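*Asks:* Can you read through this structure? Questions will come right after.
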Amino acid sequence: MPPGLAEIEKDLILRRKRAEDEQRLGGIEGTAPTLTFVRTEQSDAARLARHHP
């Protein structure tokens, strides 16, 4: 998995936790699509790495 994606995922998780703590629904909803995209990219990268060592 590219290291940049892991860092982005970590940042998004921290942002969502902060939004939850501050009860900012928009902040929680705002991170969801990007977090989903990053996790999909990580999954795709891992799949490609297994098939093309």
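Residues in the structure tokens are numbered from 1 in each chain, the chains being A, B, ... in the order shown, and ligands are numbered from 1 in the order shown.
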Just want the 7 Å neighbourhood of stretch 33-39 of chain A, counted on only C-alpha atoms, with same-chain residues fewer than 4 positions away dropped. Output as a list in words.

*Replies:* Leu5, Glu9, Leu12 and Ser43 of chain A

*Asks:* Atoms to include: C-alpha atoms. Write the selected residues as a PDB file, in the first residue's frame.

*Replies:*
```
ATOM      1  CA  LEU A   5      -2.724   6.595   1.525  1.00  0.00           C
ATOM      2  CA  GLU A   9      -6.528   7.525   6.154  1.00  0.00           C
ATOM      3  CA  LEU A  12      -9.309  11.372   8.098  1.00  0.00           C
ATOM      4  CA  SER A  43      -7.602  -2.369  -1.252  1.00  0.00           C
TER       5      SER A  43
END
```

*Asks:* Can you work out which one of A:Arg16, A:Lys10, A:Pro3, A:Leu48 has the shortest atom-to-atom distance to A:Gly30, counting only C-alpha atoms?

*Replies:*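 Among the listed residues, A:Arg16 lies closest to A:Gly30.
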
*Asks:* Tell me, in Å to one decimal, how far atom CA of A:Thr40 is from atom CA of A:Gly26.

*Replies:*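 Straight-line distance from atom CA of A:Thr40 to atom CA of A:Gly26 works out to 22.2 Å.
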
*Asks:* Could you check how far atom CA of A:Ile13 sits from atom CA of A:Arg50, in Å to one decimal?

*Replies:*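 Between atom CA of A:Ile13 and atom CA of A:Arg50 the gap works out to 26.3 Å.
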
*Asks:* Tell me, in Å to one decimal, how far atom CA of A:Gly27 is from atom CA of A:Ala45.

*Replies:*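 Separating atom CA of A:Gly27 from atom CA of A:Ala45 is a distance of 27.4 Å.
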